[in-house]
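Below: coords18.csv (CSV, C-alpha atoms)
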```csv
chain,number,residue,atom,x,y,z
T,1194,MET,CA,2.9,-14.6,1.6
T,1195,LYS,CA,2.8,-10.9,0.8
T,1196,ARG,CA,0.2,-8.4,0.2
T,1197,PHE,CA,0.1,-6.3,-2.8
T,1198,SER,CA,1.2,-2.8,-2.3
T,1199,PHE,CA,-0.4,0.4,-1.3
T,1200,LEU,CA,-1.7,2.8,-4.0
T,1201,ILE,CA,1.1,5.2,-3.6
T,1202,GLY,CA,-0.1,7.4,-6.4
T,1203,ILE,CA,-3.2,8.5,-4.7
T,1204,VAL,CA,-1.7,9.3,-1.3
T,1205,PRO,CA,-1.7,13.0,-2.0
T,1206,LEU,CA,-5.4,12.7,-3.0
T,1207,GLY,CA,-6.1,10.9,0.2
T,1208,LEU,CA,-4.7,13.8,2.2
T,1209,ILE,CA,-7.5,16.1,1.0
T,1210,LEU,CA,-10.3,13.6,1.1
T,1211,LEU,CA,-12.4,13.0,4.2
T,1212,THR,CA,-13.0,9.3,4.2
T,1213,ASN,CA,-14.0,8.4,7.7
T,1214,CYS,CA,-17.0,10.5,8.4
T,1215,SER,CA,-20.0,8.9,9.9
T,1216,ASN,CA,-23.5,9.0,8.4
T,1217,SER,CA,-24.3,11.4,5.6
T,1218,SER,CA,-23.2,14.8,6.9
T,1219,SER,CA,-20.5,14.8,4.3
T,1220,GLY,CA,-21.0,16.0,0.8
T,1221,PRO,CA,-22.1,13.6,-1.8
T,1222,ASP,CA,-18.7,13.3,-3.4
T,1223,LEU,CA,-17.0,12.2,-0.2
T,1224,ALA,CA,-16.6,8.6,1.0
T,1225,ARG,CA,-18.5,7.8,4.2
T,1226,VAL,CA,-19.9,5.1,6.5
T,1227,GLU,CA,-23.6,4.5,6.8
T,1228,VAL,CA,-25.3,2.3,9.4
T,1229,GLY,CA,-28.8,0.9,8.9
T,1230,LYS,CA,-31.6,2.4,10.9
T,1231,GLY,CA,-32.3,-0.8,12.8
T,1232,GLY,CA,-34.9,-3.6,12.4
T,1233,GLU,CA,-34.1,-5.8,9.4
T,1234,ASP,CA,-31.7,-3.2,8.0
T,1235,GLU,CA,-28.9,-3.2,10.5
T,1236,LYS,CA,-26.3,-3.6,7.8
T,1237,ILE,CA,-23.2,-1.4,7.7
T,1238,TYR,CA,-22.3,0.2,4.5
T,1239,ILE,CA,-19.4,2.2,3.2
T,1240,VAL,CA,-20.4,4.7,0.6
T,1241,ASP,CA,-17.8,5.7,-2.0
T,1242,ARG,CA,-17.4,9.0,-3.8
T,1243,THR,CA,-19.7,7.9,-6.6
T,1244,GLY,CA,-22.5,7.1,-4.1
T,1245,LYS,CA,-22.2,3.4,-4.5
T,1246,LYS,CA,-22.9,1.5,-1.2
T,1247,TRP,CA,-20.8,-1.5,-0.2
T,1248,ASP,CA,-22.1,-3.8,2.5
T,1249,VAL,CA,-19.3,-4.5,4.9
T,1250,THR,CA,-21.4,-6.0,7.7
T,1251,HIS,CA,-19.8,-9.4,7.3
T,1252,ALA,CA,-16.3,-7.9,7.0
T,1253,LYS,CA,-16.7,-6.2,10.4
T,1254,GLU,CA,-18.5,-9.1,12.2
T,1255,LYS,CA,-16.3,-11.9,10.9
T,1256,TYR,CA,-13.0,-10.3,10.3
T,1257,GLY,CA,-13.1,-7.3,12.6
T,1258,MET,CA,-12.6,-4.8,9.7
T,1259,GLU,CA,-13.6,-1.4,10.9
T,1260,PRO,CA,-15.8,0.5,8.4
T,1261,GLY,CA,-14.1,3.7,9.3
T,1262,LYS,CA,-10.7,2.3,8.2
T,1263,PHE,CA,-11.8,1.8,4.6
T,1264,GLN,CA,-10.2,4.7,2.8
T,1265,PHE,CA,-10.4,6.6,-0.5
T,1266,GLY,CA,-13.6,5.2,-1.9
T,1267,LEU,CA,-12.8,6.3,-5.4
T,1268,GLY,CA,-15.5,4.2,-7.0
T,1269,PRO,CA,-15.3,0.9,-8.8
T,1270,ASN,CA,-14.4,2.4,-12.2
T,1271,ALA,CA,-11.6,4.7,-11.0
T,1272,ILE,CA,-8.9,2.1,-11.5
T,1273,ARG,CA,-9.7,-0.3,-14.3
T,1274,PRO,CA,-7.9,-3.6,-14.7
T,1275,ILE,CA,-5.9,-4.8,-17.7
T,1276,LEU,CA,-8.0,-7.2,-19.6
T,1277,ASN,CA,-7.0,-9.4,-22.5
T,1278,ALA,CA,-3.4,-8.1,-22.4
T,1279,LYS,CA,-1.2,-8.6,-25.4
T,1280,MET,CA,2.2,-10.1,-24.6
T,1281,LEU,CA,5.4,-9.6,-26.6
T,1282,SER,CA,7.8,-12.4,-27.2
T,1283,PRO,CA,11.6,-12.0,-27.5
T,1284,GLY,CA,12.3,-10.5,-30.9
T,1285,ASP,CA,9.0,-8.7,-31.2
T,1286,GLU,CA,9.0,-5.0,-31.9
T,1287,GLY,CA,8.8,-3.2,-28.6
T,1288,TYR,CA,10.3,-6.0,-26.6
T,1289,PRO,CA,12.7,-4.3,-24.1
T,1290,ASP,CA,16.5,-4.7,-24.3
T,1291,SER,CA,17.8,-7.3,-21.9
T,1292,GLY,CA,20.1,-4.9,-20.1
T,1293,ARG,CA,17.5,-2.4,-19.0
T,1294,GLN,CA,17.0,-2.1,-15.3
T,1295,PHE,CA,13.4,-1.0,-14.7
T,1296,LEU,CA,11.3,-2.8,-12.2
T,1297,VAL,CA,9.0,-5.6,-13.2
T,1298,LEU,CA,6.7,-8.1,-11.6
T,1299,GLY,CA,7.7,-11.5,-12.9
T,1300,THR,CA,5.8,-14.8,-12.6
T,1301,THR,CA,5.7,-18.3,-14.0
T,1302,LEU,CA,2.7,-20.6,-14.1
T,1303,ASN,CA,1.8,-23.5,-16.3
T,1304,GLY,CA,5.0,-23.2,-18.2
T,1305,SER,CA,4.4,-19.6,-19.2
T,1306,THR,CA,6.8,-16.9,-17.9
T,1307,ARG,CA,5.7,-13.3,-18.0
T,1308,ALA,CA,6.9,-9.9,-16.8
T,1309,TYR,CA,4.8,-6.8,-16.1
T,1310,PRO,CA,6.5,-3.4,-15.7
T,1311,ILE,CA,5.8,-1.9,-12.3
T,1312,THR,CA,5.1,1.6,-13.7
T,1313,ILE,CA,2.2,0.1,-15.6
T,1314,MET,CA,1.0,-2.1,-12.8
T,1315,SER,CA,0.9,0.8,-10.4
T,1316,SER,CA,-1.6,2.5,-12.7
T,1317,PHE,CA,-3.8,-0.5,-13.3
T,1318,GLU,CA,-3.2,-2.5,-10.1
T,1319,ILE,CA,-4.7,-5.7,-11.6
T,1320,ALA,CA,-4.2,-7.6,-14.8
T,1321,ASP,CA,-6.8,-10.3,-15.3
T,1322,GLU,CA,-4.8,-13.0,-17.2
T,1323,GLN,CA,-4.9,-16.6,-18.4
T,1324,PHE,CA,-1.8,-18.8,-18.1
T,1325,GLY,CA,-2.7,-21.9,-20.0
T,1326,ASP,CA,-5.9,-23.2,-18.4
T,1327,ALA,CA,-5.5,-21.1,-15.2
T,1328,HIS,CA,-7.3,-17.8,-14.9
T,1329,VAL,CA,-5.4,-15.5,-12.6
T,1330,ALA,CA,-5.1,-11.9,-11.5
T,1331,VAL,CA,-1.7,-10.4,-11.5
T,1332,ALA,CA,-1.8,-7.9,-8.7
T,1333,TYR,CA,0.5,-5.1,-7.6
U,800,MET,CA,-0.9,-13.2,-8.2
U,801,TYR,CA,-4.1,-14.9,-7.4
U,802,SER,CA,-6.5,-17.4,-8.9
U,803,ARG,CA,-9.8,-15.9,-10.1
U,804,GLU,CA,-11.5,-19.2,-10.4
U,805,ILE,CA,-14.2,-20.4,-8.0
U,806,ASP,CA,-16.9,-23.0,-8.3
U,807,GLY,CA,-16.2,-23.4,-12.0
U,808,ASN,CA,-16.7,-19.7,-12.6
U,809,VAL,CA,-14.1,-17.2,-13.7
U,810,LEU,CA,-14.1,-13.9,-11.9
U,811,THR,CA,-13.0,-10.5,-13.2
U,812,LEU,CA,-11.1,-8.9,-10.4
U,813,SER,CA,-10.5,-5.2,-10.1
U,814,ALA,CA,-9.6,-2.5,-7.6
U,815,SER,CA,-12.7,-1.5,-5.7
U,816,GLY,CA,-11.4,2.0,-5.1
U,817,TRP,CA,-11.1,1.3,-1.4
U,818,THR,CA,-8.0,0.5,0.6
U,819,TYR,CA,-7.9,-1.0,4.1
U,820,ASP,CA,-4.7,-0.8,6.2
U,821,TYR,CA,-2.9,0.6,3.2
U,822,THR,CA,-3.8,-2.5,1.1
U,823,PHE,CA,-6.1,-2.6,-1.8
U,824,VAL,CA,-9.6,-4.0,-1.5
U,825,LEU,CA,-10.6,-5.8,-4.7
U,826,PHE,CA,-14.0,-6.7,-6.0
U,827,ASP,CA,-15.2,-8.9,-8.8
U,828,TYR,CA,-17.4,-7.6,-11.5
U,829,GLU,CA,-19.7,-10.7,-11.5
U,830,THR,CA,-21.0,-10.5,-7.9
U,831,GLU,CA,-19.4,-7.3,-6.5
U,832,SER,CA,-18.0,-9.4,-3.7
U,833,LEU,CA,-15.2,-7.7,-1.8
U,834,TRP,CA,-11.8,-9.6,-1.7
U,835,TYR,CA,-9.0,-8.7,0.7
U,836,HIS,CA,-5.6,-10.1,1.5
U,837,LEU,CA,-5.9,-10.6,5.3
U,838,SER,CA,-2.8,-10.1,7.3
U,839,GLY,CA,-1.1,-13.4,8.1
U,840,GLN,CA,-3.1,-15.4,5.6
U,841,ASP,CA,-2.3,-16.6,2.1
U,842,GLY,CA,-4.5,-15.8,-0.8
U,843,LEU,CA,-7.5,-13.5,-1.1
U,844,THR,CA,-10.4,-13.9,1.3
U,845,CYS,CA,-13.9,-12.8,0.4
U,846,VAL,CA,-14.8,-10.5,3.3
U,847,SER,CA,-18.3,-9.6,2.0
U,848,GLY,CA,-20.7,-10.7,-0.7
U,849,THR,CA,-21.7,-13.9,-2.5
U,850,TYR,CA,-18.5,-15.7,-1.8
U,851,ALA,CA,-18.1,-14.7,1.8
U,852,ASP,CA,-15.4,-16.6,3.6
U,853,ARG,CA,-14.2,-18.3,0.4
U,854,LYS,CA,-10.6,-17.9,-0.7
U,855,LEU,CA,-8.7,-17.4,-3.9
U,856,GLU,CA,-5.4,-19.2,-4.1
U,857,GLU,CA,-2.2,-17.2,-4.3
U,858,PHE,CA,0.7,-17.9,-6.7
U,859,GLU,CA,4.2,-16.7,-6.4
U,860,SER,CA,5.4,-13.5,-8.2
U,861,THR,CA,8.6,-11.6,-7.9
U,862,LYS,CA,9.4,-7.9,-8.0
U,863,THR,CA,12.8,-7.4,-9.5
U,864,ARG,CA,14.8,-5.6,-12.2
U,865,TRP,CA,14.0,-6.5,-15.8
U,866,ASN,CA,17.7,-7.3,-16.5
U,867,VAL,CA,17.8,-9.7,-13.6
U,868,TRP,CA,14.4,-11.4,-14.5
U,869,LYS,CA,15.4,-11.6,-18.1
U,870,MET,CA,18.7,-13.2,-17.4
U,871,GLU,CA,17.0,-15.9,-15.2
U,872,ASN,CA,14.1,-16.3,-17.5
U,873,PRO,CA,15.3,-15.8,-21.1
U,874,PRO,CA,12.0,-16.8,-22.9
U,875,THR,CA,9.8,-14.5,-20.8
U,876,LYS,CA,7.0,-12.7,-22.4
U,877,PHE,CA,6.5,-9.0,-21.7
U,878,LEU,CA,3.4,-6.9,-21.4
U,879,ASP,CA,2.8,-4.9,-24.5
U,880,VAL,CA,2.4,-1.5,-22.9
U,881,ASN,CA,1.4,0.1,-26.2
U,882,ALA,CA,-1.8,-2.0,-26.4
U,883,LEU,CA,-3.3,-0.9,-23.1
U,884,SER,CA,-6.3,1.2,-22.2
U,885,GLY,CA,-8.0,1.9,-18.9
U,886,GLY,CA,-6.0,2.2,-15.7
U,887,ARG,CA,-6.3,5.6,-13.9
```

Starting from the file, lay out its structure as structure tokens.
Amino acid sequence: MKRFSFLIGIVPLGLILLTNCSNSSSGPDLARVEVGKGGEDEKIYIVDRTGKKWDVTHAKEKYGMEPGKFQFGLGPNAIRPILNAKMLSPGDEGYPDSGRQFLVLGTTLNGSTRAYPITIMSSFEIADEQFGDAHVAVAY
Amino acid sequence: MYSREIDGNVLTLSASGWTYDYTFVLFDYETESLWYHLSGQDGLTCVSGTYADRKLEEFESTKTRWNVWKMENPPTKFLDVNALSGGR
């Protein structure tokens, strides 16, 4: 078991973002936490930099995830996944030489073996793929 | 690598733009549920949303050098990086 990696590329950005402010005293482009005002609306939200609210009440109550520890809040369209990826087979134009030493994420499922360059996966983070009948997300 | 099938439905998983404990929080386009790889557990757990408490199975993947991977897996297919759009 291993968790996919931290978004190293946005660390510098995170250093200048205020992500753990409570309520709405932050500017509209900063991620923040909002807590419902009581009554039926006692939900806990994290609000990303686009203003989108994410209900994390269950995450906190069931899994102990602290709303203030959600970071960055770049918005759901900031990092878009690879969809309908085209794969190259040995011999295809653009297929890398066997001796090259760049890092890849390799996997085999349902008789299909594939490799994804880390430099690309660190930009997209997710590739929504299909291996035979299995729909999977390749995650980095 | 994780399954993105649940109850006969296929999810489109993507980064939500959030991290938690230095790990990405994912979401699915279809229900906007949040999915997270909880420490000490296999697979992705839905921590909020329609599929709360459900899991997506994890499959093995390996981070290695291309020359090593290729030597051990000669017929491997390779992502066509010239046919991509999106990312960040």

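Taking CA of Ala1320 in chain T as the reference point, CA of Ala1278 in chain T is found at 7.7 Å.
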
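The nearest approach to chain T among the residues U:Glu871, U:Asp879, U:Asp806, U:Glu856, with all atoms listed in the file taken into account, belongs to U:Asp879.
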
Point out the residue among U:Leu878, U:Leu833, U:Val867, U:Val824 with the least atom-to-atom distance to chain T, counting all atoms listed in the file. U:Leu878

Using all atoms listed in the file, find which residues of chain T lie within 7 Å of chain U and jot them down as a VMD selection string. chain T and resid 1194 1196 to 1199 1248 to 1249 1251 to 1252 1262 to 1269 1271 to 1274 1278 to 1283 1288 1291 to 1300 1306 to 1309 1316 to 1319 1321 1328 to 1332

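When CA of Leu1223 in chain T is paired with CA of Arg1242 in chain T, their separation reads 4.8 Å.
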
Could you rebuild range 849-876 of chain U with N, CA and C atoms and give it back as a PDB file, in the coordinates of the input?
```pdb
ATOM      1  N   THR U 849     -21.267 -12.522  -2.146  1.00  0.00           N
ATOM      2  CA  THR U 849     -21.700 -13.900  -2.500  1.00  0.00           C
ATOM      3  C   THR U 849     -20.764 -14.955  -2.074  1.00  0.00           C
ATOM      4  N   TYR U 850     -19.486 -14.695  -2.167  1.00  0.00           N
ATOM      5  CA  TYR U 850     -18.500 -15.700  -1.800  1.00  0.00           C
ATOM      6  C   TYR U 850     -17.888 -15.522  -0.449  1.00  0.00           C
ATOM      7  N   ALA U 851     -18.631 -14.952   0.447  1.00  0.00           N
ATOM      8  CA  ALA U 851     -18.100 -14.700   1.800  1.00  0.00           C
ATOM      9  C   ALA U 851     -17.422 -15.876   2.393  1.00  0.00           C
ATOM     10  N   ASP U 852     -16.230 -15.631   2.913  1.00  0.00           N
ATOM     11  CA  ASP U 852     -15.400 -16.600   3.600  1.00  0.00           C
ATOM     12  C   ASP U 852     -14.637 -17.557   2.660  1.00  0.00           C
ATOM     13  N   ARG U 853     -14.918 -17.470   1.385  1.00  0.00           N
ATOM     14  CA  ARG U 853     -14.200 -18.300   0.400  1.00  0.00           C
ATOM     15  C   ARG U 853     -12.826 -17.652   0.133  1.00  0.00           C
ATOM     16  N   LYS U 854     -11.917 -18.450  -0.390  1.00  0.00           N
ATOM     17  CA  LYS U 854     -10.600 -17.900  -0.700  1.00  0.00           C
ATOM     18  C   LYS U 854     -10.195 -18.154  -2.138  1.00  0.00           C
ATOM     19  N   LEU U 855      -9.341 -17.286  -2.611  1.00  0.00           N
ATOM     20  CA  LEU U 855      -8.700 -17.400  -3.900  1.00  0.00           C
ATOM     21  C   LEU U 855      -7.237 -17.693  -3.709  1.00  0.00           C
ATOM     22  N   GLU U 856      -6.756 -18.746  -4.311  1.00  0.00           N
ATOM     23  CA  GLU U 856      -5.400 -19.200  -4.100  1.00  0.00           C
ATOM     24  C   GLU U 856      -4.372 -18.141  -4.601  1.00  0.00           C
ATOM     25  N   GLU U 857      -3.249 -18.105  -3.900  1.00  0.00           N
ATOM     26  CA  GLU U 857      -2.200 -17.200  -4.300  1.00  0.00           C
ATOM     27  C   GLU U 857      -1.050 -17.935  -4.979  1.00  0.00           C
ATOM     28  N   PHE U 858      -0.498 -17.312  -5.994  1.00  0.00           N
ATOM     29  CA  PHE U 858       0.700 -17.900  -6.700  1.00  0.00           C
ATOM     30  C   PHE U 858       1.831 -16.893  -6.537  1.00  0.00           C
ATOM     31  N   GLU U 859       3.025 -17.456  -6.609  1.00  0.00           N
ATOM     32  CA  GLU U 859       4.200 -16.700  -6.400  1.00  0.00           C
ATOM     33  C   GLU U 859       4.476 -15.690  -7.552  1.00  0.00           C
ATOM     34  N   SER U 860       4.886 -14.495  -7.195  1.00  0.00           N
ATOM     35  CA  SER U 860       5.400 -13.500  -8.200  1.00  0.00           C
ATOM     36  C   SER U 860       6.565 -12.816  -7.547  1.00  0.00           C
ATOM     37  N   THR U 861       7.395 -12.235  -8.394  1.00  0.00           N
ATOM     38  CA  THR U 861       8.600 -11.600  -7.900  1.00  0.00           C
ATOM     39  C   THR U 861       8.780 -10.217  -8.438  1.00  0.00           C
ATOM     40  N   LYS U 862       9.075  -9.298  -7.538  1.00  0.00           N
ATOM     41  CA  LYS U 862       9.400  -7.900  -8.000  1.00  0.00           C
ATOM     42  C   LYS U 862      10.912  -7.822  -8.067  1.00  0.00           C
ATOM     43  N   THR U 863      11.367  -7.513  -9.241  1.00  0.00           N
ATOM     44  CA  THR U 863      12.800  -7.400  -9.500  1.00  0.00           C
ATOM     45  C   THR U 863      13.099  -6.532 -10.650  1.00  0.00           C
ATOM     46  N   ARG U 864      14.362  -6.440 -11.002  1.00  0.00           N
ATOM     47  CA  ARG U 864      14.800  -5.600 -12.200  1.00  0.00           C
ATOM     48  C   ARG U 864      14.611  -6.480 -13.444  1.00  0.00           C
ATOM     49  N   TRP U 865      14.237  -5.792 -14.512  1.00  0.00           N
ATOM     50  CA  TRP U 865      14.000  -6.500 -15.800  1.00  0.00           C
ATOM     51  C   TRP U 865      15.297  -7.246 -16.199  1.00  0.00           C
ATOM     52  N   ASN U 866      16.465  -6.632 -16.086  1.00  0.00           N
ATOM     53  CA  ASN U 866      17.700  -7.300 -16.500  1.00  0.00           C
ATOM     54  C   ASN U 866      17.936  -8.587 -15.732  1.00  0.00           C
ATOM     55  N   VAL U 867      17.597  -8.558 -14.456  1.00  0.00           N
ATOM     56  CA  VAL U 867      17.800  -9.700 -13.600  1.00  0.00           C
ATOM     57  C   VAL U 867      16.772 -10.824 -13.996  1.00  0.00           C
ATOM     58  N   TRP U 868      15.513 -10.398 -14.104  1.00  0.00           N
ATOM     59  CA  TRP U 868      14.400 -11.400 -14.500  1.00  0.00           C
ATOM     60  C   TRP U 868      14.721 -11.998 -15.817  1.00  0.00           C
ATOM     61  N   LYS U 869      15.122 -11.165 -16.765  1.00  0.00           N
ATOM     62  CA  LYS U 869      15.400 -11.600 -18.100  1.00  0.00           C
ATOM     63  C   LYS U 869      16.531 -12.630 -18.171  1.00  0.00           C
ATOM     64  N   MET U 870      17.567 -12.352 -17.388  1.00  0.00           N
ATOM     65  CA  MET U 870      18.700 -13.200 -17.400  1.00  0.00           C
ATOM     66  C   MET U 870      18.332 -14.618 -16.796  1.00  0.00           C
ATOM     67  N   GLU U 871      17.446 -14.610 -15.799  1.00  0.00           N
ATOM     68  CA  GLU U 871      17.000 -15.900 -15.200  1.00  0.00           C
ATOM     69  C   GLU U 871      15.918 -16.571 -15.935  1.00  0.00           C
ATOM     70  N   ASN U 872      15.226 -15.777 -16.765  1.00  0.00           N
ATOM     71  CA  ASN U 872      14.100 -16.300 -17.500  1.00  0.00           C
ATOM     72  C   ASN U 872      14.116 -15.836 -18.948  1.00  0.00           C
ATOM     73  N   PRO U 873      15.054 -16.349 -19.722  1.00  0.00           N
ATOM     74  CA  PRO U 873      15.300 -15.800 -21.100  1.00  0.00           C
ATOM     75  C   PRO U 873      14.010 -15.809 -21.967  1.00  0.00           C
ATOM     76  N   PRO U 874      13.148 -16.822 -21.920  1.00  0.00           N
ATOM     77  CA  PRO U 874      12.000 -16.800 -22.900  1.00  0.00           C
ATOM     78  C   PRO U 874      10.814 -15.988 -22.384  1.00  0.00           C
ATOM     79  N   THR U 875      11.008 -15.202 -21.343  1.00  0.00           N
ATOM     80  CA  THR U 875       9.800 -14.500 -20.800  1.00  0.00           C
ATOM     81  C   THR U 875       9.121 -13.623 -21.747  1.00  0.00           C
ATOM     82  N   LYS U 876       7.820 -13.600 -21.620  1.00  0.00           N
ATOM     83  CA  LYS U 876       7.000 -12.700 -22.400  1.00  0.00           C
ATOM     84  C   LYS U 876       6.846 -11.384 -21.620  1.00  0.00           C
TER      85      LYS U 876
END
```
